[in-house]
Structures are given as C-alpha cells and as structure tokens.
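Shown next: entry.cif, given as mmCIF, C-alpha atoms and all ligand atoms.
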```
data_target
#
loop_
_atom_site.label_atom_id
_atom_site.label_comp_id
_atom_site.auth_asym_id
_atom_site.auth_seq_id
_atom_site.Cartn_x
_atom_site.Cartn_y
_atom_site.Cartn_z
CA MET A 1 -44.06 -39.49 -79.62
CA THR A 2 -46.62 -37.33 -81.32
CA GLY A 3 -46.52 -33.93 -82.89
CA PHE A 4 -48.38 -30.90 -81.70
CA VAL A 5 -49.73 -27.57 -82.88
CA CYS A 6 -47.38 -24.98 -81.49
CA SER A 7 -48.94 -22.16 -79.51
CA THR A 8 -45.83 -20.04 -80.11
CA CYS A 9 -45.64 -20.11 -83.91
CA GLY A 10 -48.89 -21.84 -84.92
CA ALA A 11 -47.13 -24.50 -86.99
CA PHE A 12 -47.35 -28.26 -86.50
CA HIS A 13 -44.14 -29.65 -85.02
CA GLU A 14 -43.62 -33.33 -85.65
CA ASP A 15 -41.92 -34.24 -82.44
CA MET A 16 -42.54 -33.59 -78.76
CA PRO A 17 -39.31 -34.85 -77.22
CA ARG A 18 -39.23 -35.88 -73.61
CA LEU A 19 -35.48 -35.49 -73.43
CA LEU A 20 -33.62 -32.27 -74.13
CA THR A 21 -29.93 -31.40 -74.02
CA VAL A 22 -29.40 -27.69 -73.81
CA ALA A 23 -25.70 -26.94 -73.90
CA ALA A 24 -22.23 -27.49 -72.55
CA PRO A 25 -21.51 -26.51 -68.94
CA ALA A 26 -22.07 -22.81 -68.41
CA ALA A 27 -18.42 -22.40 -67.41
CA TRP A 28 -17.35 -23.87 -70.76
CA GLU A 29 -19.75 -21.59 -72.64
CA ALA A 30 -18.23 -18.66 -70.78
CA LEU A 31 -14.69 -19.43 -71.95
CA PRO A 32 -13.47 -17.30 -74.83
CA GLU A 33 -13.71 -19.46 -77.96
CA THR A 34 -10.00 -19.06 -78.63
CA GLU A 35 -9.13 -20.52 -75.22
CA ARG A 36 -11.44 -23.52 -75.18
CA ALA A 37 -9.08 -25.91 -76.92
CA SER A 38 -6.16 -25.13 -74.61
CA ARG A 39 -8.05 -24.87 -71.32
CA ALA A 40 -10.86 -27.39 -71.59
CA VAL A 41 -11.70 -30.91 -72.66
CA LEU A 42 -15.33 -31.46 -73.59
CA SER A 43 -16.68 -34.88 -74.53
CA ALA A 44 -20.23 -36.18 -74.78
CA ASP A 45 -20.13 -37.24 -71.13
CA GLN A 46 -17.49 -35.26 -69.30
CA CYS A 47 -15.79 -31.89 -69.23
CA VAL A 48 -12.69 -30.64 -67.46
CA ILE A 49 -11.65 -26.99 -67.35
CA ASP A 50 -8.19 -25.81 -66.30
CA ASP A 51 -7.54 -29.25 -64.75
CA ALA A 52 -9.49 -27.86 -61.80
CA TYR A 53 -13.22 -27.99 -62.58
CA PHE A 54 -14.89 -31.30 -63.25
CA PHE A 55 -18.23 -31.83 -64.93
CA ILE A 56 -20.40 -34.84 -65.73
CA LEU A 57 -23.51 -34.97 -67.89
CA GLY A 58 -26.48 -36.37 -66.00
CA ARG A 59 -30.21 -36.86 -66.32
CA LEU A 60 -32.50 -34.62 -64.36
CA GLU A 61 -35.89 -36.27 -64.62
CA LEU A 62 -39.24 -34.60 -64.04
CA PRO A 63 -42.17 -36.96 -63.55
CA VAL A 64 -45.00 -36.26 -66.02
CA LEU A 65 -48.45 -36.47 -64.52
CA ASP A 66 -49.86 -38.48 -67.42
CA GLY A 67 -47.95 -41.46 -66.05
CA GLY A 68 -45.84 -41.73 -69.20
CA GLU A 69 -42.09 -41.54 -69.40
CA PRO A 70 -40.53 -38.73 -67.40
CA PHE A 71 -39.35 -35.54 -69.03
CA THR A 72 -35.55 -35.40 -68.88
CA TRP A 73 -33.26 -32.41 -68.87
CA MET A 74 -29.78 -33.58 -69.82
CA THR A 75 -27.93 -31.49 -67.29
CA TRP A 76 -24.27 -30.84 -66.59
CA VAL A 77 -23.22 -30.95 -62.97
CA SER A 78 -19.87 -30.28 -61.34
CA VAL A 79 -18.39 -32.66 -58.80
CA SER A 80 -15.22 -32.69 -56.74
CA GLU A 81 -12.02 -33.94 -58.32
CA GLY A 82 -12.15 -37.03 -56.12
CA ASN A 83 -15.68 -37.90 -57.14
CA PHE A 84 -14.85 -37.23 -60.78
CA LEU A 85 -11.86 -39.57 -60.68
CA ARG A 86 -13.97 -42.18 -58.89
CA ALA A 87 -16.70 -41.97 -61.55
CA SER A 88 -14.09 -42.18 -64.31
CA LYS A 89 -12.48 -45.22 -62.71
CA LEU A 90 -15.86 -46.98 -62.50
CA TRP A 91 -17.03 -45.86 -65.96
CA TRP A 92 -16.91 -49.38 -67.39
CA THR A 93 -17.34 -51.33 -64.15
CA ALA A 94 -20.36 -53.61 -63.76
CA GLY A 95 -22.24 -52.99 -60.53
CA ARG A 96 -21.12 -49.37 -60.30
CA GLU A 97 -24.70 -48.40 -59.35
CA ALA A 98 -23.88 -49.66 -55.84
CA GLU A 99 -21.84 -46.48 -55.34
CA PRO A 100 -23.34 -44.02 -52.87
CA PRO A 101 -24.58 -40.77 -54.42
CA CYS A 102 -22.18 -37.85 -54.46
CA PHE A 103 -22.75 -34.14 -54.08
CA ALA A 104 -23.01 -32.07 -57.26
CA TRP A 105 -23.76 -28.53 -58.40
CA VAL A 106 -26.05 -27.93 -61.38
CA GLN A 107 -23.95 -26.29 -64.09
CA SER A 108 -26.43 -26.01 -66.96
CA SER A 109 -28.40 -22.85 -67.55
CA LEU A 110 -31.88 -24.24 -68.04
CA PRO A 111 -34.69 -21.98 -69.25
CA TYR A 112 -36.37 -21.08 -65.98
CA PRO A 113 -37.31 -17.65 -64.65
CA VAL A 114 -34.88 -18.19 -61.77
CA PRO A 115 -31.28 -19.22 -62.61
CA THR A 116 -30.61 -22.94 -62.31
CA LEU A 117 -26.84 -22.55 -61.97
CA ASN A 118 -25.43 -23.82 -58.69
CA LEU A 119 -28.55 -25.56 -57.49
CA LYS A 120 -27.42 -28.28 -55.09
CA ALA A 121 -28.00 -31.87 -56.10
CA ASP A 122 -27.04 -35.46 -55.48
CA LEU A 123 -25.70 -37.51 -58.35
CA PHE A 124 -26.67 -41.20 -58.49
CA THR A 125 -24.53 -43.58 -60.52
CA GLN A 126 -26.59 -45.88 -62.77
CA PRO A 127 -25.91 -49.29 -64.30
CA LEU A 128 -23.51 -49.51 -67.24
CA GLY A 129 -24.81 -47.72 -70.31
CA GLU A 130 -27.00 -45.29 -68.37
CA ARG A 131 -26.12 -41.75 -67.46
CA PRO A 132 -26.15 -40.78 -63.81
CA LYS A 133 -29.31 -39.27 -62.39
CA VAL A 134 -29.43 -35.83 -60.83
CA ARG A 135 -31.74 -35.32 -57.88
CA LEU A 136 -32.01 -31.76 -56.66
CA GLN A 137 -31.72 -30.96 -53.00
CA GLU A 138 -34.67 -29.06 -51.61
CA ALA A 139 -34.63 -25.44 -52.73
CA ASP A 140 -37.05 -22.60 -53.24
CA HIS A 141 -36.88 -23.03 -57.00
CA PRO A 142 -39.41 -23.98 -59.69
CA LEU A 143 -37.14 -26.73 -61.02
CA TRP A 144 -37.01 -28.38 -57.59
CA ARG A 145 -40.80 -28.17 -57.29
CA GLU A 146 -41.19 -29.70 -60.77
CA GLN A 147 -38.91 -32.59 -59.93
CA LYS A 148 -40.66 -33.23 -56.62
CA HIS A 149 -44.27 -32.82 -57.71
CA GLY A 150 -44.13 -33.57 -61.44
CA ILE A 151 -45.31 -31.56 -64.44
CA SER A 152 -48.35 -31.69 -66.70
CA PRO A 153 -48.19 -32.69 -70.36
CA ALA A 154 -49.07 -29.05 -71.15
CA ARG A 155 -45.95 -27.98 -69.27
CA VAL A 156 -43.87 -30.44 -71.33
CA GLN A 157 -45.18 -28.73 -74.46
CA GLU A 158 -44.36 -25.32 -72.99
CA ILE A 159 -40.78 -26.41 -72.31
CA VAL A 160 -40.37 -27.90 -75.79
CA GLU A 161 -41.70 -24.71 -77.39
CA SER A 162 -39.37 -22.58 -75.31
CA ILE A 163 -36.39 -24.58 -76.58
CA LEU A 164 -37.59 -24.72 -80.20
CA HIS A 165 -38.04 -20.98 -80.26
CA ARG A 166 -35.18 -20.01 -77.99
CA SER A 167 -33.49 -16.83 -79.08
CA PRO A 168 -29.81 -17.39 -79.82
ZN ZN B 1 -43.41 -23.50 -82.98
#
```
Show this structure as structure tokens.
Ligand SMILES: [Zn+2]
Amino acid sequence: MTGFVCSTCGAFHEDMPRLLTVAAPAAWEALPETERASRAVLSADQCVIDDAYFFILGRLELPVLDGGEPFTWMTWVSVSEGNFLRASKLWWTAGREAEPPCFAWVQSSLPYPVPTLNLKADLFTQPLGERPKVRLQEADHPLWREQKHGISPARVQEIVESILHRSP
C-alpha cells in the first residue's frame, strides 16, 4: 500500500486502504444509545436486534481495474432467522463454503449519492476464517455498477478521501 496526496485536504496520507469498515448496521445506529445494551447484541461479526432482526458482516468486493486486489466494503447485511441460525451453526465447520448462497439485504449506509440500504444481495459462505461475500443483485444503483464493472484506482482514492474526511 502506498500513500497519496489528498485532493480534498492537500496533505499526504500514508495509507490507501483497499478495505473499509464503515459502521454497525444502520438499524443498530438508529437505536437510542440507552436502549442498545438491552435490545441488541453487536459483535465483530454478527448483530441481533430485538431477537427479531439478524445481521452478518460480509465483504462486498469491487474489482479494481489495475488488476490489483479488489476494493472491499465491509458491509452488514440482514438475513432471515433461519439463515442466521444456519450460518451460526456452521461458523466453525470445515467445508461450510459448500453451502448455497442465501438472500440478504444490505444494511450498511455506504457513502453513495443513492442510499445503499436495502439493496438486494446474495451472501456466499466462505472457507473457515474468511468472511462471507456479498454479491449485489442487479439494480439501478452505482454500487451495483461498480461491483459488476469494476472501479479505477482514482475512484478508490476518491472513496478513501470521502471516508477520511467524512463529516460526523
Ligand atoms: Zn485528506
């Protein structure tokens, strides 16, 4: 990874990450802070709200047209209770990548001009030690187009700058 001169602030930033984690599931962010502990469980991989809404952290990869490693949005998705229990049961099971993909809704608010919440996706279980991959279903959305067609290295820099300089 190399640094870059930032077109937003003019400074040299030392790192141009190709993997970014934005936040907890939007539904968790929306809970009043005083209710989070009683209504939700949030770990590094999973989240459950009100024993009724089930979330998994996945990798939404965008190919980068320089042929290097893909750019990855770490993205929360929601799945049905049945699929959540199935994923939990197989969490430490070798060969779990043989599972068929399951349906998922994107539940992270990613910085795009059009909301990314509730984009439809398929979630693909990966071998032990790897987070599941999120593949968007076709939609009239810039994030879908980026995943299908790939992004330029300049676009990677634009994304990184938008996160570095995100207003709170
Ligand atoms: Zn900057």
Counting only C-alpha atoms, which residues in segment 77-148 of chain A sit no more than 7 Å from segment 10-27 of chain A? For each one, give the nearest pair of atoms and the distance in Å, sorted by chain then residue number, as a Markdown table.
```
| residue | atom | partner | partner_atom | distance |
| --- | --- | --- | --- | --- |
| A:Gln107 | CA | A:Pro25 | CA | 5.4 |
| A:Ser108 | CA | A:Pro25 | CA | 5.3 |
| A:Ser109 | CA | A:Ala26 | CA | 6.4 |
```
Between A:Pro111, A:Pro100, A:Glu69, A:Trp144, which has the minimum distance to Arg166 of chain A (counting only C-alpha atoms)?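 Under the stated criterion, the closest residue is A:Pro111.
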Asn118 of chain A environment, 12 Å, all atoms listed in the file, sequence neighbours closer than 3 positions dropped, as a PyMOL selection string: chain A and resi 25-27+75-79+103-110+114-115+121+136-137+139+141
Near-ligand residues for ligand ZN 1 (chain B), threshold 7 Å, all atoms listed in the file, as a compact mmCIF listing (two decimals) with C-alpha atoms, in the coordinates of the input:
```txt
# COMPACT_ATOMS: atom_id res chain seq x y z
CA CYS A 6 -47.38 -24.98 -81.49
CA SER A 7 -48.94 -22.16 -79.51
CA THR A 8 -45.83 -20.04 -80.11
CA CYS A 9 -45.64 -20.11 -83.91
CA GLY A 10 -48.89 -21.84 -84.92
CA ALA A 11 -47.13 -24.50 -86.99
CA HIS A 13 -44.14 -29.65 -85.02
CA GLU A 161 -41.70 -24.71 -77.39
CA LEU A 164 -37.59 -24.72 -80.20
CA HIS A 165 -38.04 -20.98 -80.26
```
Restricting the calculation to only C-alpha atoms, which member of A:Ala52, A:Leu85, A:Leu62, A:Val160 is positioned closest to Val5 of chain A?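 Checking each candidate against Val5 of chain A, we get A:Val160 as the closest.
The closest residue to Gly3 of chain A, picked from A:Gln157, A:Glu29, A:Asp45, A:Gly67 and counting all atoms listed in the file, is A:Gln157.
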